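S.K.: Dropping a structure here in structure tokens format, bear with me for questions.
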Amino acid sequence: MEDRPIKLSEIFILIFIIIINFLDFFEFLPGDVDFTKKILSWLLLAYLLYRISLTELFFGVRNKFIDISLIIAYFLLIIKNLVGYVSVAVDEANLLAPLYTFVISNNIAIEMRSFYIGGILLILLSILMTFLLEVKKPSLMDVIHEHGYAITIGKKLERFIATFLVLVFFFIIVFNLVMEWLAIAVDASLLVVAFFFYMFTLFRSHFRKLSPRSFLYKVGDAGEEFYANFIGLFHSRERIFLGISGLLVLHLLTDVANFIIPYIFGFHDILYFGHLGIGHDPLYLLFLKDTITTIFLQKVYISWLYLFNIFAMLFLLILPAYIWYKLYKRSGFFVSNKKLCIFFVAVMVFILAPVFKIKEMAVQGLVGVDIITSQLSPNINLPLVVLPTLLFGILIYFLSFNHSIKEKLIGVGIVLIDIFFAIYIFYFFKSSASYYIETIKLLFNIKKYFIATYFILFFIMGALFYIVGFIIFLSETKKEFRYIR
């Protein structure tokens, strides 16, 4: 962050954004304000995309008109997400109740017309980019071996197809997911986590390395900085596959904000919990039910199981991102004995006495993995789970002092993470495939062939993304794995 003069208005805007996101995280925002905040998040990310310049990302040259038009086309294609939010948030509406009612009453027409306009605009922009823009380095089109201007008719046709597929690929693999995650689902959680992270950094540095001004910018720009850096991976042939596997890793990482943090603190986003039904109780309620009639020692046992279940889910959802980061940096793997011990104890507890369960999303119209919570099994023998896991952890800790054994333990840990990752991606892909197949069938039945064609493309690219992305992640992990002391 460059040390430029800061305007008073910028300070107030950043403080306002931070306060609003904190209130959103703790569910203190009225429904109307929350809806307005979602729109603001969309607009801020649209501005970020404009600053990044999609034409520069794709072609290596910037065209502001096409940038704006492309962003508009992408937003028109995801109007259904906003309509979906309105259908869930309508019960909390006050001043915006008439708007909500209008949107819900005309939801099909709004979704269909916006998709038609967005889809047609995407085709027209592909034609315009084919004739107008030159492919330069670095760019995504250069990565797929397109160079310069398309001269001949054959080359123009080839360039048009390549451009259109790249635009669709970016929409379904990057734009759609990021807009759902950062703008609607996890923006508040992301900012709150970033806030506490930088607060911790600030106090550890004794106010010497971070000024309050830079701290404020770091918190306010947390999502923007991440998004901008990540998109840069798609600029080079060497890093594009790493970027694809990184997008796959983000599926797990965002569910920490979607599910685990709300389960721990008892606050949740209405968009993701409004239709999920039973099985999504906060952990403190389940813990109270499990301990209400128990003696002190049993409460200690149950506390152990709940604590390490939380550790397990955090490890299994976050560590794929840590592995990906190590692959990105090519820095090798190092884990302290204590952390390795905690990891194996957590996984063992999660297997023997789970309070979390993952499954595919069972709600019509929703795609993804559902993480549900439940009380401990009434048939569980608490000492026979707690004491062996404790002894197992002690054993892992002392074995880790042998570097050869520790390297093998880290390898086993990575395998366990990859197995969980594979199960998670299987459920996500299964949920996604079911959604696309049912939607495509419906669109053909009602003769909406234009939209159906787009959804077929979305399905094919999504399937390739999940399969290829996971294979890349596994192969890169195997290739780059090495233990550093």
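For the structure tokens, the naming scheme is as follows: chains receive sequential letters (A, B, ...) according to their order of presentation, residues are indexed from 1 within each chain, and ligands are indexed from 1 in presentation order.
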Which residues are close to A:Leu409, i.e. within 10 Å by only C-alpha atoms, leaving aside same-chain residues fewer than 3 positions away? Reply as a list in words.
M.R.: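 The filter keeps Leu340, Cys341, Phe344, Ile396, Leu399, Ser400, His403, Ser404, Ile405, Lys406, Val412, Gly413, Ile414 and Val415 of chain A.
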S.K.: Could you pull out the helix (DSSP H, G or I) residues of stretch 253-483 of chain A from DSSP and send them as an NGL selection string?
M.R.: :A and (253-265 or 270-273 or 283-291 or 296-329 or 337-352 or 382-399 or 403-445 or 449-480)
S.K.: Have a look at A:Tyr100, A:Tyr322, A:Tyr436, A:Phe311 and name the one nearest to A:Phe350; count only C-alpha atoms.
M.R.: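 The answer is A:Phe311, which sits nearest to A:Phe350.
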S.K.: Excluding A:Lys64 and its own-chain neighbours fewer than 6 positions away, which residues fall within 10 Å of it when counting only C-alpha atoms? Please give them as a compact mmCIF listing (two decimals) with N, CA and C atoms, in the first residue's frame.
M.R.:
```
# COMPACT_ATOMS: atom_id res chain seq x y z
N TYR A 50 -13.64 -3.35 -13.01
CA TYR A 50 -13.33 -2.28 -13.97
C TYR A 50 -11.89 -1.82 -13.79
N ARG A 51 -11.43 -1.70 -12.56
CA ARG A 51 -10.05 -1.29 -12.30
C ARG A 51 -9.06 -2.34 -12.79
N SER A 53 -9.61 -4.43 -15.22
CA SER A 53 -9.78 -4.43 -16.67
C SER A 53 -9.80 -5.86 -17.22
N LEU A 54 -10.99 -6.33 -17.52
CA LEU A 54 -11.14 -7.68 -18.06
C LEU A 54 -10.54 -7.80 -19.45
N THR A 55 -10.61 -6.73 -20.25
CA THR A 55 -10.01 -6.80 -21.58
C THR A 55 -8.49 -6.93 -21.48
N GLU A 56 -7.91 -6.26 -20.49
CA GLU A 56 -6.47 -6.40 -20.29
C GLU A 56 -6.13 -7.80 -19.79
N LEU A 70 -18.97 -5.65 -20.60
CA LEU A 70 -18.78 -7.03 -20.18
C LEU A 70 -19.24 -7.23 -18.73
```
S.K.: Please list as a list in words every residue within 10 Å of A:His251, counting only C-alpha atoms and excluding residues in the same chain fewer than 5 positions away.
M.R.: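 Skipping anything fewer than 5 positions along the chain leaves Leu177, Trp181, Gly246, Val256, Leu317, Ala321, Gly368, Val369, Phe421, Tyr424, Ile425 and Phe428 of chain A.
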S.K.: For A:Tyr284, work out the shell of residues within 9 Å, counting only C-alpha atoms and skipping chain neighbours fewer than 6 positions away, then give it as a short mmCIF file (atom, residue, chain, number, x, y, z; two decimals) with C-alpha atoms, in the first residue's frame.
M.R.:
```
data_model
loop_
_atom_site.label_atom_id
_atom_site.label_comp_id
_atom_site.auth_asym_id
_atom_site.auth_seq_id
_atom_site.Cartn_x
_atom_site.Cartn_y
_atom_site.Cartn_z
CA TYR A 263 -21.96 -22.40 14.00
CA ILE A 264 -19.33 -21.23 16.50
CA PHE A 265 -20.74 -17.75 17.11
CA GLY A 266 -24.41 -18.51 16.54
#
```
S.K.: Would you compute the distance between atom CA of A:Ala452 and atom CA of A:Ile437? Give it in Å to one decimal.
M.R.: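 Calculated distance between atom CA of A:Ala452 and atom CA of A:Ile437 is 10.1 Å.
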S.K.: When you look at A:Ile244 with a cut-off of 8 Å (counting only C-alpha atoms), what residues show up, excluding the ones that are within fewer than 4 positions of it in the same chain? I need them as a PyMOL selection string.
M.R.: chain A and resi 240+248+465+469
S.K.: For a quick check of understanding, using only C-alpha atoms, which of A:Val61, A:Ile423, A:Ile151, A:Ile342 has the smallest distance to A:Ile358?
M.R.: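 Smallest separation from A:Ile358 among the options: A:Ile423.
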